[in-house]
$ cat start27.cif   # mmCIF, C-alpha atoms
data_data
#
loop_
_atom_site.group_PDB
_atom_site.id
_atom_site.type_symbol
_atom_site.label_atom_id
_atom_site.label_comp_id
_atom_site.auth_asym_id
_atom_site.auth_seq_id
_atom_site.Cartn_x
_atom_site.Cartn_y
_atom_site.Cartn_z
ATOM 1 C CA MET A 1 19.364 54.559 59.129
ATOM 2 C CA PHE A 2 18.065 54.547 62.693
ATOM 3 C CA GLY A 3 15.018 56.540 63.689
ATOM 4 C CA GLU A 4 13.572 57.503 67.006
ATOM 5 C CA GLN A 5 14.272 55.162 69.909
ATOM 6 C CA GLY A 6 16.896 53.384 67.819
ATOM 7 C CA ILE A 7 14.363 51.758 65.475
ATOM 8 C CA ALA A 8 16.053 50.628 62.273
ATOM 9 C CA CYS A 9 14.721 52.270 59.101
ATOM 10 C CA PHE A 10 16.849 51.327 56.128
ATOM 11 C CA CYS A 11 14.137 51.809 53.484
ATOM 12 C CA THR A 12 13.761 55.450 52.533
ATOM 13 C CA ASP A 13 10.725 57.070 50.942
ATOM 14 C CA ASP A 14 12.632 57.155 47.655
ATOM 15 C CA ASP A 15 13.271 53.407 47.906
ATOM 16 C CA LEU A 16 9.569 52.773 48.489
ATOM 17 C CA ALA A 17 8.598 54.987 45.565
ATOM 18 C CA ALA A 18 10.973 53.166 43.201
ATOM 19 C CA HIS A 19 9.750 49.747 44.350
ATOM 20 C CA ARG A 20 6.131 50.851 43.916
ATOM 21 C CA ARG A 21 6.791 51.906 40.331
ATOM 22 C CA LEU A 22 8.370 48.554 39.474
ATOM 23 C CA TYR A 23 5.555 46.717 41.257
ATOM 24 C CA ASN A 24 2.892 48.637 39.323
ATOM 25 C CA LEU A 25 4.647 48.224 35.991
ATOM 26 C CA GLU A 26 4.941 44.448 36.327
ATOM 27 C CA ALA A 27 1.343 44.168 37.562
ATOM 28 C CA TYR A 28 0.308 46.294 34.581
ATOM 29 C CA LEU A 29 2.025 43.865 32.202
ATOM 30 C CA ARG A 30 0.247 40.936 33.865
ATOM 31 C CA TYR A 31 -3.073 42.655 33.188
ATOM 32 C CA LEU A 32 -2.052 43.171 29.572
ATOM 33 C CA VAL A 33 -1.080 39.508 29.148
ATOM 34 C CA ARG A 34 -4.271 38.272 30.777
ATOM 35 C CA TRP A 35 -6.473 40.647 28.753
ATOM 36 C CA GLU A 36 -4.955 39.577 25.431
ATOM 37 C CA LEU A 37 -4.893 35.851 26.209
ATOM 38 C CA ILE A 38 -8.535 35.763 27.310
ATOM 39 C CA GLY A 39 -9.597 37.879 24.346
ATOM 40 C CA LEU A 40 -7.865 35.479 21.963
ATOM 41 C CA PHE A 41 -8.460 32.091 23.572
ATOM 42 C CA GLY A 42 -11.357 32.426 26.013
ATOM 43 C CA ILE A 43 -11.449 29.761 28.720
ATOM 44 C CA GLU A 44 -8.384 28.072 27.222
ATOM 45 C CA TRP A 45 -6.213 31.126 27.965
ATOM 46 C CA LEU A 46 -4.119 29.636 30.765
ATOM 47 C CA GLY A 47 -3.333 26.438 28.872
ATOM 48 C CA LYS A 48 -1.774 28.483 26.063
ATOM 49 C CA LEU A 49 1.102 29.367 28.404
ATOM 50 C CA GLY A 50 2.489 25.821 28.218
ATOM 51 C CA SER A 51 5.637 25.411 30.317
ATOM 52 C CA ILE A 52 5.097 28.856 31.848
ATOM 53 C CA LYS A 53 1.829 27.591 33.334
ATOM 54 C CA LYS A 54 3.545 24.433 34.571
ATOM 55 C CA ASP A 55 6.316 26.371 36.317
ATOM 56 C CA ALA A 56 3.841 28.847 37.803
ATOM 57 C CA LEU A 57 1.658 26.095 39.242
ATOM 58 C CA LYS A 58 4.721 24.400 40.722
ATOM 59 C CA THR A 59 5.763 27.644 42.401
ATOM 60 C CA MET A 60 2.216 28.040 43.690
ATOM 61 C CA GLU A 61 2.244 24.506 45.090
ATOM 62 C CA ASP A 62 5.623 25.061 46.769
ATOM 63 C CA GLU A 63 4.166 28.134 48.454
ATOM 64 C CA ARG A 64 1.069 26.216 49.531
ATOM 65 C CA GLN A 65 3.140 23.461 51.088
ATOM 66 C CA LEU A 66 4.926 25.939 53.322
ATOM 67 C CA GLY A 67 1.709 26.095 55.282
ATOM 68 C CA VAL A 68 2.600 29.333 57.052
ATOM 69 C CA ILE A 69 1.817 31.971 54.429
ATOM 70 C CA ASP A 70 -1.202 32.566 52.208
ATOM 71 C CA TYR A 71 -1.009 31.424 48.613
ATOM 72 C CA ASP A 72 -3.286 32.537 45.792
ATOM 73 C CA PRO A 73 -4.735 29.600 43.818
ATOM 74 C CA ARG A 74 -6.987 31.973 41.844
ATOM 75 C CA ASN A 75 -4.174 33.899 40.230
ATOM 76 C CA PRO A 76 -1.498 31.734 38.581
ATOM 77 C CA LEU A 77 -0.096 34.690 36.636
ATOM 78 C CA SER A 78 1.150 36.141 39.921
ATOM 79 C CA TYR A 79 3.580 33.209 40.092
ATOM 80 C CA THR A 80 5.229 34.015 36.785
ATOM 81 C CA VAL A 81 8.388 36.098 36.460
ATOM 82 C CA ALA A 82 9.208 39.053 34.235
ATOM 83 C CA LYS A 83 10.924 36.766 31.727
ATOM 84 C CA ASP A 84 7.683 34.808 31.376
ATOM 85 C CA LEU A 85 5.796 38.011 30.620
ATOM 86 C CA GLN A 86 8.331 38.909 27.944
ATOM 87 C CA THR A 87 8.093 35.431 26.404
ATOM 88 C CA THR A 88 4.310 35.701 26.270
ATOM 89 C CA ILE A 89 4.229 39.237 24.894
ATOM 90 C CA ASP A 90 6.783 38.708 22.128
ATOM 91 C CA GLY A 91 5.530 35.187 21.440
ATOM 92 C CA ILE A 92 1.979 33.969 22.061
ATOM 93 C CA ILE A 93 0.231 37.344 21.794
ATOM 94 C CA TRP A 94 2.743 39.157 19.585
ATOM 95 C CA ASP A 95 0.484 39.194 16.521
ATOM 96 C CA SER A 96 -2.055 41.221 18.508
ATOM 97 C CA LEU A 97 0.534 43.685 19.764
ATOM 98 C CA SER A 98 3.231 43.927 17.100
ATOM 99 C CA ALA A 99 1.644 46.905 15.358
ATOM 100 C CA TRP A 100 1.847 48.898 18.590
ATOM 101 C CA MET A 101 4.882 47.573 20.423
ATOM 102 C CA PRO A 102 8.503 48.571 19.716
ATOM 103 C CA ARG A 103 10.486 46.377 17.360
ATOM 104 C CA ALA A 104 11.159 42.946 18.877
ATOM 105 C CA ASP A 105 14.866 43.550 19.514
ATOM 106 C CA ILE A 106 14.135 46.895 21.193
ATOM 107 C CA LEU A 107 11.445 45.322 23.348
ATOM 108 C CA GLN A 108 13.866 42.557 24.357
ATOM 109 C CA ALA A 109 16.429 45.133 25.437
ATOM 110 C CA GLU A 110 13.838 47.048 27.475
ATOM 111 C CA PHE A 111 12.762 43.870 29.238
ATOM 112 C CA GLU A 112 16.367 43.002 30.021
ATOM 113 C CA ILE A 113 16.835 46.363 31.724
ATOM 114 C CA LEU A 114 13.478 46.045 33.484
ATOM 115 C CA ARG A 115 14.456 42.640 34.904
ATOM 116 C CA ALA A 116 17.769 44.037 36.094
ATOM 117 C CA LEU A 117 16.048 46.945 37.855
ATOM 118 C CA ARG A 118 13.439 44.636 39.329
ATOM 119 C CA ASN A 119 16.075 42.245 40.692
ATOM 120 C CA LYS A 120 18.080 45.119 42.096
ATOM 121 C CA SER A 121 15.055 46.426 43.975
ATOM 122 C CA ALA A 122 13.961 42.947 45.083
ATOM 123 C CA HIS A 123 17.396 42.299 46.584
ATOM 124 C CA LEU A 124 17.296 45.577 48.508
ATOM 125 C CA ARG A 125 19.861 47.416 46.418
ATOM 126 C CA ARG A 126 19.061 51.073 46.052
ATOM 127 C CA LEU A 127 18.139 52.392 42.612
ATOM 128 C CA THR A 128 20.339 55.286 41.526
ATOM 129 C CA PRO A 129 19.225 58.388 39.590
ATOM 130 C CA ARG A 130 20.552 56.704 36.452
ATOM 131 C CA ASP A 131 18.452 53.639 37.208
ATOM 132 C CA LEU A 132 15.370 55.784 37.676
ATOM 133 C CA ARG A 133 15.931 57.481 34.340
ATOM 134 C CA SER A 134 15.970 54.032 32.734
ATOM 135 C CA LEU A 135 12.723 53.215 34.527
ATOM 136 C CA ASP A 136 11.221 56.493 33.264
ATOM 137 C CA ARG A 137 12.008 55.461 29.701
ATOM 138 C CA ILE A 138 10.592 51.945 30.127
ATOM 139 C CA GLU A 139 7.368 53.276 31.618
ATOM 140 C CA SER A 140 7.074 55.720 28.746
ATOM 141 C CA THR A 141 7.679 52.937 26.222
ATOM 142 C CA PHE A 142 4.873 50.767 27.547
ATOM 143 C CA THR A 143 2.479 53.654 28.103
ATOM 144 C CA HIS A 144 2.943 54.691 24.475
ATOM 145 C CA ALA A 145 2.785 51.118 23.196
ATOM 146 C CA THR A 146 -0.525 50.453 24.952
ATOM 147 C CA ALA A 147 -2.230 53.649 23.836
ATOM 148 C CA GLN A 148 -4.065 51.365 21.414
ATOM 149 C CA TYR A 149 -6.447 50.393 24.214
ATOM 150 C CA ARG A 150 -7.709 53.943 24.468
ATOM 151 C CA GLU A 151 -8.326 53.924 20.729
ATOM 152 C CA VAL A 152 -10.157 50.600 20.957
ATOM 153 C CA ARG A 153 -12.368 52.062 23.661
ATOM 154 C CA ARG A 154 -13.105 55.175 21.588
ATOM 155 C CA GLN A 155 -14.084 52.962 18.663
ATOM 156 C CA ALA A 156 -16.418 50.792 20.733
ATOM 157 C CA VAL A 157 -19.582 49.990 18.808
ATOM 158 C CA ASP A 158 -22.756 50.623 20.817
ATOM 159 C CA MET A 159 -25.457 48.058 20.085
ATOM 160 C CA SER A 160 -29.166 48.383 20.754
ATOM 161 C CA SER A 161 -29.961 44.793 19.845
ATOM 162 C CA ILE A 162 -28.354 41.386 20.345
ATOM 163 C CA ARG A 163 -29.145 40.761 16.680
ATOM 164 C CA ARG A 164 -26.523 43.232 15.582
ATOM 165 C CA PRO A 165 -23.798 41.532 13.491
ATOM 166 C CA GLU A 166 -21.152 42.592 16.015
ATOM 167 C CA VAL A 167 -22.689 40.160 18.528
ATOM 168 C CA PRO A 168 -21.329 36.668 17.760
ATOM 169 C CA SER A 169 -24.219 34.211 17.371
ATOM 170 C CA PRO A 170 -22.930 31.831 20.111
ATOM 171 C CA LEU A 171 -23.302 34.662 22.648
ATOM 172 C CA ARG A 172 -26.885 35.560 21.760
ATOM 173 C CA PRO A 173 -28.872 32.841 23.612
ATOM 174 C CA GLY A 174 -27.342 33.715 26.979
ATOM 175 C CA LEU A 175 -27.759 37.428 26.362
ATOM 176 C CA LYS A 176 -31.384 36.930 25.339
ATOM 177 C CA LYS A 177 -32.220 35.622 28.814
ATOM 178 C CA TRP A 178 -30.479 38.546 30.471
ATOM 179 C CA PHE A 179 -32.341 41.024 28.266
ATOM 180 C CA ALA A 180 -35.625 39.282 29.102
ATOM 181 C CA ASP A 181 -34.904 39.810 32.800
ATOM 182 C CA ALA A 182 -34.112 43.483 32.220
ATOM 183 C CA ASP A 183 -37.372 43.937 30.278
ATOM 184 C CA ALA A 184 -39.501 42.297 32.965
ATOM 185 C CA VAL A 185 -41.258 44.588 35.445
ATOM 186 C CA ASP A 186 -40.053 42.472 38.357
ATOM 187 C CA GLY A 187 -36.653 41.680 36.851
ATOM 188 C CA LYS A 188 -33.386 41.894 38.769
ATOM 189 C CA TRP A 189 -31.592 44.107 36.245
ATOM 190 C CA THR A 190 -32.252 47.289 34.300
ATOM 191 C CA ASP A 191 -30.438 49.669 31.936
ATOM 192 C CA LEU A 192 -28.848 46.748 30.063
ATOM 193 C CA LYS A 193 -26.608 47.918 27.212
ATOM 194 C CA LEU A 194 -24.165 46.235 24.840
ATOM 195 C CA SER A 195 -21.046 47.403 23.065
ATOM 196 C CA SER A 196 -18.255 45.756 21.116
ATOM 197 C CA VAL A 197 -14.792 46.571 22.493
ATOM 198 C CA GLY A 198 -11.980 44.966 20.518
ATOM 199 C CA THR A 199 -12.122 41.196 21.055
ATOM 200 C CA TYR A 200 -14.661 41.589 23.865
ATOM 201 C CA LEU A 201 -18.364 42.180 24.251
ATOM 202 C CA ARG A 202 -19.091 44.674 26.999
ATOM 203 C CA ILE A 203 -22.321 44.451 28.987
ATOM 204 C CA ASP A 204 -23.388 47.380 31.151
ATOM 205 C CA ALA A 205 -26.256 46.855 33.568
ATOM 206 C CA ARG A 206 -27.655 48.032 36.890
ATOM 207 C CA LEU A 207 -29.395 46.215 39.721
ATOM 208 C CA ARG A 208 -32.943 47.410 40.272
ATOM 209 C CA VAL A 209 -32.494 47.126 44.040
ATOM 210 C CA GLY A 210 -29.780 46.094 46.458
ATOM 211 C CA ALA A 211 -26.030 45.838 46.147
ATOM 212 C CA PHE A 212 -23.553 43.117 45.276
ATOM 213 C CA HIS A 213 -22.814 40.542 47.954
ATOM 214 C CA PRO A 214 -19.120 40.434 48.966
ATOM 215 C CA ALA A 215 -18.902 36.843 47.718
ATOM 216 C CA ALA A 216 -20.700 37.570 44.437
ATOM 217 C CA VAL A 217 -17.618 37.613 42.200
ATOM 218 C CA GLY A 218 -16.111 34.406 43.551
ATOM 219 C CA GLU A 219 -19.455 32.642 43.275
ATOM 220 C CA ALA A 220 -19.897 33.877 39.714
ATOM 221 C CA VAL A 221 -16.522 32.463 38.708
ATOM 222 C CA LYS A 222 -17.412 29.102 40.277
ATOM 223 C CA SER A 223 -20.823 29.025 38.611
ATOM 224 C CA ALA A 224 -19.430 30.032 35.213
ATOM 225 C CA GLU A 225 -16.692 27.401 35.579
ATOM 226 C CA THR A 226 -14.173 29.901 34.252
ATOM 227 C CA ASP A 227 -12.468 33.171 35.129
ATOM 228 C CA ALA A 228 -12.220 34.182 31.473
ATOM 229 C CA PHE A 229 -13.959 37.547 31.823
ATOM 230 C CA PHE A 230 -13.389 40.916 33.447
ATOM 231 C CA LEU A 231 -15.661 42.857 35.773
ATOM 232 C CA SER A 232 -15.919 46.397 37.022
ATOM 233 C CA MET A 233 -18.506 46.993 39.746
ATOM 234 C CA ASP A 234 -19.862 49.972 41.640
ATOM 235 C CA ASP A 235 -21.489 48.738 44.844
ATOM 236 C CA PRO A 236 -23.283 51.934 45.935
ATOM 237 C CA THR A 237 -25.267 52.173 42.694
ATOM 238 C CA GLY A 238 -25.386 48.476 41.788
ATOM 239 C CA ARG A 239 -23.804 49.069 38.398
ATOM 240 C CA LEU A 240 -21.842 46.381 36.595
ATOM 241 C CA SER A 241 -19.660 46.381 33.504
ATOM 242 C CA ALA A 242 -18.648 42.952 32.263
ATOM 243 C CA TYR A 243 -16.149 42.237 29.490
ATOM 244 C CA VAL A 244 -16.776 38.816 27.957
ATOM 245 C CA PRO A 245 -14.513 37.451 25.191
ATOM 246 C CA ALA A 246 -16.318 37.183 21.877
ATOM 247 C CA CYS A 247 -14.620 33.841 21.138
ATOM 248 C CA LEU A 248 -16.637 31.843 23.698
ATOM 249 C CA THR A 249 -18.750 28.928 22.510
ATOM 250 C CA LYS A 250 -22.513 28.903 23.001
ATOM 251 C CA ASP A 251 -22.353 26.700 26.113
ATOM 252 C CA GLN A 252 -19.454 28.652 27.606
ATOM 253 C CA ALA A 253 -21.126 32.004 27.009
ATOM 254 C CA SER A 254 -24.455 30.791 28.411
ATOM 255 C CA LYS A 255 -22.760 29.727 31.650
ATOM 256 C CA VAL A 256 -20.912 33.042 31.972
ATOM 257 C CA PHE A 257 -24.005 35.171 31.308
ATOM 258 C CA ALA A 258 -26.132 33.070 33.655
ATOM 259 C CA ALA A 259 -23.511 33.411 36.392
ATOM 260 C CA LEU A 260 -23.377 37.183 35.969
ATOM 261 C CA GLN A 261 -27.141 37.568 35.697
ATOM 262 C CA ASN A 262 -27.623 35.594 38.920
ATOM 263 C CA MET A 263 -24.906 37.276 40.975
ATOM 264 C CA ARG A 264 -25.856 37.317 44.639
ATOM 265 C CA THR A 265 -27.044 40.616 46.058
ATOM 266 C CA VAL A 266 -27.867 42.031 49.484
ATOM 267 C CA GLY A 267 -30.152 44.786 50.758
ATOM 268 C CA ASP A 268 -33.095 46.450 49.131
ATOM 269 C CA THR A 269 -31.999 50.053 48.664
ATOM 270 C CA LEU A 270 -29.470 51.832 46.532
ATOM 271 C CA GLN A 271 -27.483 54.928 47.290
ATOM 272 C CA GLU A 272 -27.965 57.375 44.466
ATOM 273 C CA GLU A 273 -24.451 58.630 43.884
ATOM 274 C CA PRO A 274 -22.766 60.060 40.795
ATOM 275 C CA PHE A 275 -21.257 57.210 38.820
ATOM 276 C CA GLU A 276 -18.776 57.265 35.988
ATOM 277 C CA VAL A 277 -19.106 54.232 33.742
ATOM 278 C CA PRO A 278 -16.061 52.030 34.477
ATOM 279 C CA PHE A 279 -13.835 50.693 31.766
ATOM 280 C CA PHE A 280 -10.818 48.508 31.304
ATOM 281 C CA ASP A 281 -8.090 51.096 30.962
ATOM 282 C CA PHE A 282 -4.483 50.292 30.088
ATOM 283 C CA VAL A 283 -3.252 53.674 31.191
ATOM 284 C CA PHE A 284 -1.800 54.099 34.659
ATOM 285 C CA PRO A 285 -3.495 53.501 36.992
ATOM 286 C CA ILE A 286 -5.728 50.633 35.899
ATOM 287 C CA HIS A 287 -9.273 50.783 37.268
ATOM 288 C CA VAL A 288 -10.761 47.312 36.932
ATOM 289 C CA GLU A 289 -11.485 44.298 39.095
ATOM 290 C CA LEU A 290 -10.512 40.869 37.908
ATOM 291 C CA PRO A 291 -12.743 37.903 38.664
ATOM 292 C CA ALA A 292 -9.645 36.236 40.081
ATOM 293 C CA ALA A 293 -9.282 39.067 42.620
ATOM 294 C CA LEU A 294 -5.724 39.858 41.576
ATOM 295 C CA ARG A 295 -3.903 41.384 44.506
ATOM 296 C CA LEU A 296 -1.981 44.566 43.823
#

$ encode --input "start27.cif" --output "structure tokens"
Amino acid sequence: MFGEQGIACFCTDDDLAAHRRLYNLEAYLRYLVRWELIGLFGIEWLGKLGSIKKDALKTMEDERQLGVIDYDPRNPLSYTVAKDLQTTIDGIIWDSLSAWMPRADILQAEFEILRALRNKSAHLRRLTPRDLRSLDRIESTFTHATAQYREVRRQAVDMSSIRRPEVPSPLRPGLKKWFADADAVDGKWTDLKLSSVGTYLRIDARLRVGAFHPAAVGEAVKSAETDAFFLSMDDPTGRLSAYVPACLTKDQASKVFAALQNMRTVGDTLQEEPFEVPFFDFVFPIHVELPAALRL
């Protein structure tokens, strides 16, 4: 309880480990909700949350008005609670997940236990071995239920042309400009490739020279006028993977592609380092950057 020099230390390593697992699991579910909502509804994704959005924005505003701590206006999902995630999963996006998730009543029971464990940890009550066994089962349930994302990735359709039928016609004009840049001798981009991944179009590309500016992602979101896409970036090699929902309209897609194509860069040299193509992976841990800079 008290360490050297009488310093209080009530939180053990086991307590930290349990809290980290709950933290990661809930963050994981937020990624899942965001991924499915954007894939289904594009830039309208947040509005589909209805009263959940309203309550989240109120909580965000209450935090802002405190004036003494940082709030995160870019990430409204971080102001939702576990019950909101459950409501969204077994409601708004259930049709997309029902074939993979446990039966609705089983899922409800798992969420009830998860909320109880989360509240126990949040209120500084120690999780017992029995509690941790319950957490083991819940983690296993969601890991198994989201194995579909690995299958979706394996079934991704590589495309050599934007004229392929898998590329929705509203997305083609914006992509055409990006391809023209990649084909130009003095273009900004090279190695541009397309693939169809579930409800998303994935664009892989590499900067010819330079690296991404630290403000590039935030500026891209502002220029695109939406955060309805996902990015994975490798600064040393200037590689980018962008996941853009296939449901965007022509104007929406053109703005997103233009924002990504014109991302600000710095420097004029690249470090040639081994690079594994990034992907959106719903298996712990998740390796992806959100345009909203979700804090984990």

$ atom_distance --input "start27.cif" --atom1 "CA of Leu175 (chain A)" --atom2 "CA of Tyr31 (chain A)"
26.1 Å

$ residues_around --input "start27.cif" --residues "Ile203 (chain A)" --least-positions-apart "4" --cutoff "10 Å" --atoms "only C-alpha atoms" --output "mmCIF file with C-alpha atoms, keeping the file's coordinate frame"
data_model
loop_
_atom_site.group_PDB
_atom_site.id
_atom_site.type_symbol
_atom_site.label_atom_id
_atom_site.label_comp_id
_atom_site.auth_asym_id
_atom_site.auth_seq_id
_atom_site.Cartn_x
_atom_site.Cartn_y
_atom_site.Cartn_z
ATOM 1 C CA LEU A 175 -27.759 37.428 26.362
ATOM 2 C CA LEU A 192 -28.848 46.748 30.063
ATOM 3 C CA LYS A 193 -26.608 47.918 27.212
ATOM 4 C CA LEU A 194 -24.165 46.235 24.840
ATOM 5 C CA SER A 195 -21.046 47.403 23.065
ATOM 6 C CA SER A 196 -18.255 45.756 21.116
ATOM 7 C CA LEU A 231 -15.661 42.857 35.773
ATOM 8 C CA LEU A 240 -21.842 46.381 36.595
ATOM 9 C CA SER A 241 -19.660 46.381 33.504
ATOM 10 C CA ALA A 242 -18.648 42.952 32.263
ATOM 11 C CA TYR A 243 -16.149 42.237 29.490
ATOM 12 C CA VAL A 244 -16.776 38.816 27.957
ATOM 13 C CA PHE A 257 -24.005 35.171 31.308
#

$ residues_near_point --input "start27.cif" --point "(-6.9, 30.0, 41.0)" --cutoff "12 Å" --atoms "all atoms listed in the file" --output "list in words"
Leu46, Lys53, Ala56, Leu57, Met60, Glu61, Tyr71, Asp72, Pro73, Arg74, Asn75, Pro76, Leu77, Ser78, Tyr79, Gly218, Val221, Lys222, Glu225, Thr226, Asp227, Ala228, Leu290, Pro291, Ala292, Ala293 and Leu294 of chain A

$ atom_distance --input "start27.cif" --atom1 "CA of Leu107 (chain A)" --atom2 "CA of Ala246 (chain A)"
29.0 Å

$ resolve_selection --input "start27.cif" --expression "the PyMOL selection byres ((chain A and resi 191) around 8)" --output "list in words"
Ala182, Trp189, Thr190, Leu192, Lys193, Asp204, Ala205 and Arg206 of chain A

$ closest_residue --input "start27.cif" --among "A:Thr143, A:Thr249, A:Asn24, A:Thr199" --to "Arg118 (chain A)" --atoms "all atoms listed in the file"
A:Asn24

$ residues_near_point --input "start27.cif" --point "(2.2, 26.8, 29.5)" --cutoff "12 Å" --atoms "only C-alpha atoms" --output "PyMOL selection string"
chain A and resi 37+44-58+76-77+80+84-85+87-88+92

$ residues_around --input "start27.cif" --residues "Leu97 (chain A)" --least-positions-apart "2" --cutoff "12 Å" --atoms "all atoms listed in the file" --output "compact mmCIF listing (two decimals) with C-alpha atoms, in the frame of the given file"
# COMPACT_ATOMS: atom_id res chain seq x y z
CA LEU A 32 -2.05 43.17 29.57
CA VAL A 33 -1.08 39.51 29.15
CA TRP A 35 -6.47 40.65 28.75
CA GLU A 36 -4.96 39.58 25.43
CA LEU A 37 -4.89 35.85 26.21
CA LEU A 40 -7.86 35.48 21.96
CA THR A 88 4.31 35.70 26.27
CA ILE A 89 4.23 39.24 24.89
CA ASP A 90 6.78 38.71 22.13
CA GLY A 91 5.53 35.19 21.44
CA ILE A 92 1.98 33.97 22.06
CA ILE A 93 0.23 37.34 21.79
CA TRP A 94 2.74 39.16 19.58
CA ASP A 95 0.48 39.19 16.52
CA ALA A 99 1.64 46.90 15.36
CA TRP A 100 1.85 48.90 18.59
CA MET A 101 4.88 47.57 20.42
CA PRO A 102 8.50 48.57 19.72
CA ARG A 103 10.49 46.38 17.36
CA ALA A 104 11.16 42.95 18.88
CA LEU A 107 11.44 45.32 23.35
CA PHE A 142 4.87 50.77 27.55
CA ALA A 145 2.78 51.12 23.20
CA THR A 146 -0.52 50.45 24.95
CA ALA A 147 -2.23 53.65 23.84
CA GLN A 148 -4.07 51.36 21.41
CA TYR A 149 -6.45 50.39 24.21

$ axis_aligned_box --input "start27.cif" --around "region 219-224 of chain A" --padding-each-side "3 Å" --output "AutoDock Vina command-line options"
--center_x -18.7 --center_y 31.5 --center_z 39.2 --size_x 10.3 --size_y 10.9 --size_z 14.1

$ closest_residue --input "start27.cif" --among "A:Ser98, A:Ala82, A:Ile162, A:Gln5" --to "Ala116 (chain A)" --atoms "all atoms listed in the file"
A:Ala82

$ closest_residue --input "start27.cif" --among "A:Ile106, A:Ala211, A:Ile38, A:Leu22" --to "Asn119 (chain A)" --atoms "all atoms listed in the file"
A:Leu22

$ resolve_selection --input "start27.cif" --expression "the PyMOL selection byres ((chain A and resi 220) around 8)" --output "number ranges by chain"
A: 216-219, 221-224, 256, 259-260, 262-263

$ resolve_selection --input "start27.cif" --expression "the PyMOL selection byres ((chain A and resi 134-138) around 8)" --output "list in words"
Glu110, Ile113, Leu114, Leu117, Arg130, Asp131, Leu132, Arg133, Glu139, Ser140, Thr141 and Phe142 of chain A

$ atom_distance --input "start27.cif" --atom1 "CA of Arg208 (chain A)" --atom2 "CA of Lys177 (chain A)"
16.5 Å

$ closest_residue --input "start27.cif" --among "A:Asp251, A:Asp234, A:Asp15, A:Asp186" --to "His123 (chain A)" --atoms "all atoms listed in the file"
A:Asp15

$ closest_residue --input "start27.cif" --among "A:Pro170, A:Gly39, A:Pro129, A:Pro165" --to "Gln252 (chain A)" --atoms "only C-alpha atoms"
A:Pro170

$ decode --input "start27.cif" --residues "region 219-233 of chain A" --atoms "N, CA and C atoms" --output "PDB file, in the first residue's frame"
ATOM      1  N   GLU A 219      -5.518  18.682 -41.548  1.00  0.00           N
ATOM      2  CA  GLU A 219      -5.817  19.539 -42.696  1.00  0.00           C
ATOM      3  C   GLU A 219      -6.631  18.803 -43.744  1.00  0.00           C
ATOM      4  N   ALA A 220      -6.347  17.516 -43.923  1.00  0.00           N
ATOM      5  CA  ALA A 220      -7.096  16.727 -44.900  1.00  0.00           C
ATOM      6  C   ALA A 220      -8.559  16.599 -44.489  1.00  0.00           C
ATOM      7  N   VAL A 221      -8.794  16.383 -43.208  1.00  0.00           N
ATOM      8  CA  VAL A 221     -10.167  16.287 -42.713  1.00  0.00           C
ATOM      9  C   VAL A 221     -10.912  17.598 -42.943  1.00  0.00           C
ATOM     10  N   LYS A 222     -10.233  18.722 -42.667  1.00  0.00           N
ATOM     11  CA  LYS A 222     -10.859  20.036 -42.855  1.00  0.00           C
ATOM     12  C   LYS A 222     -11.154  20.291 -44.321  1.00  0.00           C
ATOM     13  N   SER A 223     -10.206  19.938 -45.193  1.00  0.00           N
ATOM     14  CA  SER A 223     -10.391  20.161 -46.621  1.00  0.00           C
ATOM     15  C   SER A 223     -11.480  19.263 -47.199  1.00  0.00           C
ATOM     16  N   ALA A 224     -11.541  18.018 -46.722  1.00  0.00           N
ATOM     17  CA  ALA A 224     -12.553  17.082 -47.214  1.00  0.00           C
ATOM     18  C   ALA A 224     -13.936  17.384 -46.656  1.00  0.00           C
ATOM     19  N   GLU A 225     -13.972  18.182 -45.589  1.00  0.00           N
ATOM     20  CA  GLU A 225     -15.222  18.540 -44.909  1.00  0.00           C
ATOM     21  C   GLU A 225     -15.902  17.326 -44.310  1.00  0.00           C
ATOM     22  N   THR A 226     -15.129  16.321 -43.984  1.00  0.00           N
ATOM     23  CA  THR A 226     -15.662  15.123 -43.332  1.00  0.00           C
ATOM     24  C   THR A 226     -14.513  14.312 -42.746  1.00  0.00           C
ATOM     25  N   ASP A 227     -14.837  13.515 -41.748  1.00  0.00           N
ATOM     26  CA  ASP A 227     -13.854  12.568 -41.193  1.00  0.00           C
ATOM     27  C   ASP A 227     -14.273  11.137 -41.509  1.00  0.00           C
ATOM     28  N   ALA A 228     -15.101  10.989 -42.551  1.00  0.00           N
ATOM     29  CA  ALA A 228     -15.649   9.676 -42.884  1.00  0.00           C
ATOM     30  C   ALA A 228     -14.692   8.871 -43.758  1.00  0.00           C
ATOM     31  N   PHE A 229     -13.492   8.627 -43.257  1.00  0.00           N
ATOM     32  CA  PHE A 229     -12.531   7.755 -43.912  1.00  0.00           C
ATOM     33  C   PHE A 229     -11.494   7.353 -42.876  1.00  0.00           C
ATOM     34  N   PHE A 230     -10.706   6.357 -43.215  1.00  0.00           N
ATOM     35  CA  PHE A 230      -9.667   5.869 -42.315  1.00  0.00           C
ATOM     36  C   PHE A 230      -8.323   5.929 -43.022  1.00  0.00           C
ATOM     37  N   LEU A 231      -7.279   6.218 -42.259  1.00  0.00           N
ATOM     38  CA  LEU A 231      -5.942   6.311 -42.826  1.00  0.00           C
ATOM     39  C   LEU A 231      -4.957   5.469 -42.040  1.00  0.00           C
ATOM     40  N   SER A 232      -3.979   4.935 -42.752  1.00  0.00           N
ATOM     41  CA  SER A 232      -2.827   4.323 -42.114  1.00  0.00           C
ATOM     42  C   SER A 232      -1.609   4.849 -42.868  1.00  0.00           C
ATOM     43  N   MET A 233      -0.654   5.427 -42.137  1.00  0.00           N
ATOM     44  CA  MET A 233       0.458   6.126 -42.771  1.00  0.00           C
ATOM     45  C   MET A 233       1.786   5.620 -42.218  1.00  0.00           C
TER      46      MET A 233
END
